[in-house]
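Undergrad: You'll find entry.cif just under this line, and it carries mmCIF, C-alpha atoms.
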```cif
data_final
loop_
_atom_site.group_PDB
_atom_site.id
_atom_site.type_symbol
_atom_site.label_atom_id
_atom_site.label_comp_id
_atom_site.auth_asym_id
_atom_site.auth_seq_id
_atom_site.Cartn_x
_atom_site.Cartn_y
_atom_site.Cartn_z
ATOM 1 C CA THR A 1 -26.757 56.358 21.105
ATOM 2 C CA LYS A 2 -29.650 58.379 19.801
ATOM 3 C CA ALA A 3 -27.355 60.928 18.142
ATOM 4 C CA THR A 4 -25.400 58.178 16.358
ATOM 5 C CA LEU A 5 -28.615 56.612 15.054
ATOM 6 C CA ALA A 6 -29.854 60.017 13.853
ATOM 7 C CA ALA A 7 -26.542 60.705 12.097
ATOM 8 C CA ALA A 8 -26.627 57.283 10.414
ATOM 9 C CA ALA A 9 -30.226 57.824 9.283
ATOM 10 C CA ASP A 10 -29.336 61.278 7.945
ATOM 11 C CA ALA A 11 -26.330 59.869 6.052
ATOM 12 C CA ALA A 12 -28.568 57.261 4.413
ATOM 13 C CA LEU A 13 -30.732 59.976 2.876
ATOM 14 C CA PRO A 14 -30.007 61.519 -0.515
ATOM 15 C CA LYS A 15 -27.913 64.676 -0.142
ATOM 16 C CA GLU A 16 -30.771 67.036 -1.110
ATOM 17 C CA LEU A 17 -33.007 65.629 1.669
ATOM 18 C CA ARG A 18 -30.488 65.710 4.521
ATOM 19 C CA GLY A 19 -31.561 67.930 7.392
ATOM 20 C CA LYS A 20 -35.034 68.487 5.903
ATOM 21 C CA GLY A 21 -37.818 68.179 8.438
ATOM 22 C CA ALA A 22 -35.450 68.477 11.388
ATOM 23 C CA ASP A 23 -37.356 71.582 12.473
ATOM 24 C CA VAL A 24 -40.660 69.676 12.794
ATOM 25 C CA SER A 25 -41.615 69.281 16.434
ATOM 26 C CA ALA A 26 -42.821 65.980 17.832
ATOM 27 C CA LYS A 27 -46.190 67.637 18.592
ATOM 28 C CA HIS A 28 -46.570 68.839 15.002
ATOM 29 C CA LEU A 29 -45.588 65.393 13.748
ATOM 30 C CA ARG A 30 -48.287 63.762 15.942
ATOM 31 C CA GLU A 31 -50.852 66.247 14.558
ATOM 32 C CA LEU A 32 -49.827 65.358 11.012
ATOM 33 C CA GLU A 33 -50.143 61.648 11.808
ATOM 34 C CA LYS A 34 -53.647 62.179 13.253
ATOM 35 C CA MET A 35 -54.687 64.061 10.117
ATOM 36 C CA GLN A 36 -53.245 61.308 7.943
ATOM 37 C CA ASP A 37 -55.246 58.778 9.957
ATOM 38 C CA LYS A 38 -58.420 60.854 9.418
ATOM 39 C CA ASP A 39 -57.713 60.944 5.684
ATOM 40 C CA GLN A 40 -57.231 57.151 5.631
ATOM 41 C CA VAL A 41 -60.581 56.692 7.395
ATOM 42 C CA GLN A 42 -62.251 59.135 4.994
ATOM 43 C CA LEU A 43 -60.762 57.367 1.964
ATOM 44 C CA SER A 44 -62.014 54.022 3.290
ATOM 45 C CA GLN A 45 -65.504 55.461 3.828
ATOM 46 C CA PHE A 46 -65.414 56.938 0.314
ATOM 47 C CA HIS A 47 -64.548 53.543 -1.196
ATOM 48 C CA LEU A 48 -67.092 51.663 0.939
ATOM 49 C CA ARG A 49 -69.864 54.077 -0.075
ATOM 50 C CA LEU A 50 -68.973 53.693 -3.744
ATOM 51 C CA GLN A 51 -68.911 49.883 -3.418
ATOM 52 C CA ARG A 52 -72.610 49.998 -2.507
ATOM 53 C CA SER A 53 -73.345 51.121 -6.054
ATOM 54 C CA ASP A 54 -72.353 49.891 -9.498
ATOM 55 C CA ALA A 55 -68.583 49.452 -9.866
ATOM 56 C CA GLU A 56 -68.807 51.127 -13.284
ATOM 57 C CA GLN A 57 -70.540 54.224 -11.864
ATOM 58 C CA VAL A 58 -68.741 57.414 -12.913
ATOM 59 C CA VAL A 59 -71.376 60.020 -11.941
ATOM 60 C CA ARG A 60 -73.109 60.261 -8.566
ATOM 61 C CA TYR A 61 -76.369 62.215 -8.915
ATOM 62 C CA CYS A 62 -77.868 63.481 -5.663
ATOM 63 C CA PHE A 63 -80.128 66.510 -6.102
ATOM 64 C CA GLU A 64 -81.736 66.460 -2.682
ATOM 65 C CA PRO A 65 -81.904 69.268 -0.109
ATOM 66 C CA GLY A 66 -78.789 69.168 2.051
ATOM 67 C CA ALA A 67 -76.964 66.650 -0.163
ATOM 68 C CA LYS A 68 -73.189 66.882 -0.102
ATOM 69 C CA PRO A 69 -70.455 65.437 -2.290
ATOM 70 C CA LEU A 70 -68.405 62.498 -1.074
ATOM 71 C CA TRP A 71 -64.770 63.493 -0.748
ATOM 72 C CA PRO A 72 -61.915 60.970 -0.648
ATOM 73 C CA SER A 73 -59.952 63.255 1.712
ATOM 74 C CA ILE A 74 -60.746 65.440 4.692
ATOM 75 C CA THR A 75 -57.687 67.661 4.489
ATOM 76 C CA HIS A 76 -57.974 68.286 0.742
ATOM 77 C CA ALA A 77 -61.750 68.617 0.478
ATOM 78 C CA PRO A 78 -62.896 72.143 -0.393
ATOM 79 C CA ALA A 79 -64.986 73.948 2.176
ATOM 80 C CA HIS A 80 -68.600 74.596 1.217
ATOM 81 C CA SER A 81 -68.703 78.371 1.524
ATOM 82 C CA PRO A 82 -69.978 81.361 -0.481
ATOM 83 C CA ARG A 83 -66.409 81.833 -1.695
ATOM 84 C CA SER A 84 -65.972 78.275 -2.959
ATOM 85 C CA VAL A 85 -69.595 77.872 -4.136
ATOM 86 C CA PRO A 86 -70.833 81.338 -5.162
ATOM 87 C CA PRO A 87 -74.530 82.105 -5.667
ATOM 88 C CA CYS A 88 -76.103 81.860 -9.115
ATOM 89 C CA GLN A 89 -74.875 84.772 -11.192
ATOM 90 C CA ARG A 90 -78.224 85.035 -13.037
ATOM 91 C CA CYS A 91 -80.702 85.156 -10.164
ATOM 92 C CA GLY A 92 -78.571 85.305 -6.996
ATOM 93 C CA ALA A 93 -80.022 82.152 -5.441
ATOM 94 C CA ALA A 94 -77.709 79.824 -3.533
ATOM 95 C CA ARG A 95 -76.290 76.916 -5.474
ATOM 96 C CA GLN A 96 -76.763 73.379 -4.245
ATOM 97 C CA PHE A 97 -74.851 70.216 -4.865
ATOM 98 C CA GLU A 98 -76.367 68.225 -7.744
ATOM 99 C CA PHE A 99 -73.846 65.631 -8.907
ATOM 100 C CA GLN A 100 -70.233 64.641 -8.846
ATOM 101 C CA VAL A 101 -67.906 63.053 -11.344
ATOM 102 C CA LEU A 102 -66.095 60.169 -9.676
ATOM 103 C CA PRO A 103 -62.422 59.327 -10.233
ATOM 104 C CA GLN A 104 -63.395 55.977 -11.804
ATOM 105 C CA ILE A 105 -64.116 57.877 -15.016
ATOM 106 C CA ILE A 106 -60.359 58.121 -15.605
ATOM 107 C CA ASN A 107 -60.290 54.354 -16.231
ATOM 108 C CA HIS A 108 -62.886 54.784 -18.991
ATOM 109 C CA LEU A 109 -61.082 57.647 -20.731
ATOM 110 C CA GLY A 110 -58.193 55.500 -21.902
ATOM 111 C CA VAL A 111 -55.662 57.865 -20.332
ATOM 112 C CA ASP A 112 -52.100 56.669 -19.800
ATOM 113 C CA SER A 113 -51.810 57.290 -16.049
ATOM 114 C CA GLU A 114 -48.012 57.200 -16.254
ATOM 115 C CA LEU A 115 -47.863 60.445 -18.255
ATOM 116 C CA ALA A 116 -47.085 63.613 -16.330
ATOM 117 C CA SER A 117 -49.996 65.289 -18.146
ATOM 118 C CA ALA A 118 -52.481 62.559 -17.178
ATOM 119 C CA VAL A 119 -55.757 63.632 -15.585
ATOM 120 C CA ASP A 120 -55.901 62.860 -11.874
ATOM 121 C CA PHE A 121 -58.540 63.996 -9.383
ATOM 122 C CA GLY A 122 -60.408 62.752 -6.333
ATOM 123 C CA SER A 123 -63.851 64.069 -7.258
ATOM 124 C CA ILE A 124 -65.456 66.875 -9.253
ATOM 125 C CA ALA A 125 -68.521 68.386 -7.560
ATOM 126 C CA VAL A 126 -71.113 70.244 -9.647
ATOM 127 C CA TYR A 127 -73.403 72.782 -8.008
ATOM 128 C CA THR A 128 -76.479 74.241 -9.730
ATOM 129 C CA CYS A 129 -78.935 77.043 -9.018
ATOM 130 C CA SER A 130 -81.295 76.054 -6.186
ATOM 131 C CA ALA A 131 -84.050 78.111 -7.873
ATOM 132 C CA SER A 132 -83.507 76.244 -11.173
ATOM 133 C CA CYS A 133 -83.481 79.559 -13.038
ATOM 134 C CA SER A 134 -83.661 79.287 -16.796
ATOM 135 C CA LEU A 135 -80.988 80.219 -19.308
ATOM 136 C CA GLY A 136 -83.338 82.834 -20.753
ATOM 137 C CA GLY A 137 -83.074 84.893 -17.548
ATOM 138 C CA GLY A 138 -85.436 85.419 -14.656
ATOM 139 C CA GLY A 139 -85.758 83.219 -11.574
#
```
Could you rewrite the structure in this file as structure tokens?
TA:
Amino acid sequence: TKATLAAAADAALPKELRGKGADVSAKHLRELEKMQDKDQVQLSQFHLRLQRSDAEQVVRYCFEPGAKPLWPSITHAPAHSPRSVPPCQRCGAARQFEFQVLPQIINHLGVDSELASAVDFGSIAVYTCSASCSLGGGG
């Protein structure tokens, strides 16, 4: 029966995981699966876009009006908002996306990826003043 199968599956789990997730509804689980599917599609699009350029590329420069960073995930990508990308603190102009550091750079840093302290990221987006204000002040 269904209950016997569930009990057998639960018994096969490590003790600390037994009963975990039992409160997740089937609807919530379907929503999570849809989001996971969207993330898989996004990750594939991210990799396909990067394959169009040099495999050794570690920085993606794109200082064009309306340009946006490429994110490997939908659910973990930061929102582009005044809170996440504040205006320039010198002149108050909006910041715009200029370049991003791609995760391929990790391969060039000689980092042991097995270490708990190893660097790991999907993408680092850099935003600059849209008015290109100078360091000396003024707009």
Undergrad: For atom CA of A:Glu114 and atom CA of A:Ser73, determine how far apart the two atoms are, in Å to one decimal place.
TA: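 Atom CA of A:Glu114 sits 22.4 Å away from atom CA of A:Ser73.
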Undergrad: Please tell me which residues are no farther than 8 Å from (-80.8, 80.4, -10.6) in the file, counting all atoms listed in the file, and write them as a ChimeraX atom specification.
TA: /A:88-95,128-134,138-139
Undergrad: Those same residues, written as a PDB file, in the coordinates of the input with C-alpha atoms?
TA:
```
ATOM      1  CA  CYS A  88     -76.103  81.860  -9.115  1.00  0.00           C
ATOM      2  CA  GLN A  89     -74.875  84.772 -11.192  1.00  0.00           C
ATOM      3  CA  ARG A  90     -78.224  85.035 -13.037  1.00  0.00           C
ATOM      4  CA  CYS A  91     -80.702  85.156 -10.164  1.00  0.00           C
ATOM      5  CA  GLY A  92     -78.571  85.305  -6.996  1.00  0.00           C
ATOM      6  CA  ALA A  93     -80.022  82.152  -5.441  1.00  0.00           C
ATOM      7  CA  ALA A  94     -77.709  79.824  -3.533  1.00  0.00           C
ATOM      8  CA  ARG A  95     -76.290  76.916  -5.474  1.00  0.00           C
ATOM      9  CA  THR A 128     -76.479  74.241  -9.730  1.00  0.00           C
ATOM     10  CA  CYS A 129     -78.935  77.043  -9.018  1.00  0.00           C
ATOM     11  CA  SER A 130     -81.295  76.054  -6.186  1.00  0.00           C
ATOM     12  CA  ALA A 131     -84.050  78.111  -7.873  1.00  0.00           C
ATOM     13  CA  SER A 132     -83.507  76.244 -11.173  1.00  0.00           C
ATOM     14  CA  CYS A 133     -83.481  79.559 -13.038  1.00  0.00           C
ATOM     15  CA  SER A 134     -83.661  79.287 -16.796  1.00  0.00           C
ATOM     16  CA  GLY A 138     -85.436  85.419 -14.656  1.00  0.00           C
ATOM     17  CA  GLY A 139     -85.758  83.219 -11.574  1.00  0.00           C
TER      18      GLY A 139
END
```
Undergrad: Show which residues sit within 8 Å of A:Asp120, as a PyMOL selection string. Count only C-alpha atoms, and ignore same-chain residues fewer than 2 positions away.
TA: chain A and resi 103+106+118+122
Undergrad: Please, what distance in Å, to one decimal, runs between atom CA of A:Ile124 and atom CA of A:Val85?
TA: 12.8 Å
Undergrad: As an exercise, work out the distance from atom CA of A:Ser123 to atom CA of A:Asp37 in Å and give it to one decimal place.
TA: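 Atom CA of A:Asp37 lies 20.0 Å from atom CA of A:Ser123.
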Undergrad: Quick one: apply the PyMOL selection byres ((chain A and resi 107) around 12) to the file and drop the selected residues here as a PyMOL selection string.
TA: chain A and resi 55-58+102-106+108-113+118-121
Undergrad: Quick one: everything within 12 Å of stretch 66-72 of chain A, counting all atoms listed in the file, minus sequence neighbours fewer than 5 positions away in the same chain. Send it as a VMD selection string.
TA: chain A and resid 38 to 50 59 to 61 77 to 80 95 to 103 121 to 127 130
Undergrad: As lines of an AutoDock Vina configuration file, please: the centre and edge lengths in Å, to one decimal, of an axis-aligned box enclosing every listed atom of stretch 83-100 of chain A with 4 Å added on each side.
TA:
```
center_x = -73.3
center_y = 75.0
center_z = -7.4
size_x = 22.7
size_y = 28.7
size_z = 19.3
```
Undergrad: Could you add N, CA, C and O atoms to stretch 94-111 of chain A and give me the result as a compact mmCIF listing (two decimals), in the coordinates of the input?
TA:
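Final file, result-v4.txt:
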```
# COMPACT_ATOMS: atom_id res chain seq x y z
N ALA A 94 -78.82 80.70 -3.94
CA ALA A 94 -77.71 79.82 -3.53
C ALA A 94 -77.63 78.64 -4.50
O ALA A 94 -78.64 78.23 -5.08
N ARG A 95 -76.45 78.13 -4.67
CA ARG A 95 -76.29 76.92 -5.47
C ARG A 95 -76.31 75.73 -4.54
O ARG A 95 -75.91 75.83 -3.39
N GLN A 96 -76.77 74.60 -5.05
CA GLN A 96 -76.76 73.38 -4.24
C GLN A 96 -76.09 72.27 -5.02
O GLN A 96 -76.07 72.27 -6.25
N PHE A 97 -75.53 71.35 -4.26
CA PHE A 97 -74.85 70.22 -4.86
C PHE A 97 -75.86 69.40 -5.67
O PHE A 97 -76.95 69.11 -5.21
N GLU A 98 -75.48 69.03 -6.91
CA GLU A 98 -76.37 68.22 -7.74
C GLU A 98 -75.73 66.89 -8.12
O GLU A 98 -76.37 65.85 -8.01
N PHE A 99 -74.49 66.90 -8.57
CA PHE A 99 -73.85 65.63 -8.91
C PHE A 99 -72.34 65.76 -8.83
O PHE A 99 -71.80 66.87 -8.75
N GLN A 100 -71.69 64.63 -8.83
CA GLN A 100 -70.23 64.64 -8.85
C GLN A 100 -69.72 63.61 -9.83
O GLN A 100 -70.36 62.59 -10.08
N VAL A 101 -68.59 63.96 -10.44
CA VAL A 101 -67.91 63.05 -11.34
C VAL A 101 -66.88 62.32 -10.50
O VAL A 101 -66.06 62.93 -9.81
N LEU A 102 -66.96 61.00 -10.52
CA LEU A 102 -66.10 60.17 -9.68
C LEU A 102 -64.78 59.84 -10.38
O LEU A 102 -64.72 59.80 -11.62
N PRO A 103 -63.73 59.58 -9.62
CA PRO A 103 -62.42 59.33 -10.23
C PRO A 103 -62.38 58.07 -11.11
O PRO A 103 -61.49 57.94 -11.94
N GLN A 104 -63.37 57.18 -10.97
CA GLN A 104 -63.40 55.98 -11.80
C GLN A 104 -63.50 56.30 -13.29
O GLN A 104 -63.17 55.48 -14.13
N ILE A 105 -63.97 57.51 -13.61
CA ILE A 105 -64.12 57.88 -15.02
C ILE A 105 -62.77 57.86 -15.74
O ILE A 105 -62.70 57.61 -16.94
N ILE A 106 -61.70 58.10 -15.00
CA ILE A 106 -60.36 58.12 -15.60
C ILE A 106 -60.06 56.78 -16.27
O ILE A 106 -59.48 56.74 -17.35
N ASN A 107 -60.51 55.69 -15.65
CA ASN A 107 -60.29 54.35 -16.23
C ASN A 107 -61.00 54.19 -17.57
O ASN A 107 -60.55 53.44 -18.43
N HIS A 108 -62.10 54.90 -17.76
CA HIS A 108 -62.89 54.78 -18.99
C HIS A 108 -62.43 55.75 -20.09
O HIS A 108 -62.89 55.65 -21.22
N LEU A 109 -61.54 56.66 -19.75
CA LEU A 109 -61.08 57.65 -20.73
C LEU A 109 -59.90 57.17 -21.55
O LEU A 109 -59.50 57.83 -22.51
N GLY A 110 -59.33 56.03 -21.17
CA GLY A 110 -58.19 55.50 -21.90
C GLY A 110 -56.95 56.35 -21.75
O GLY A 110 -56.13 56.44 -22.65
N VAL A 111 -56.80 56.99 -20.60
CA VAL A 111 -55.66 57.86 -20.33
C VAL A 111 -54.49 57.04 -19.80
O VAL A 111 -54.67 56.17 -18.96
```
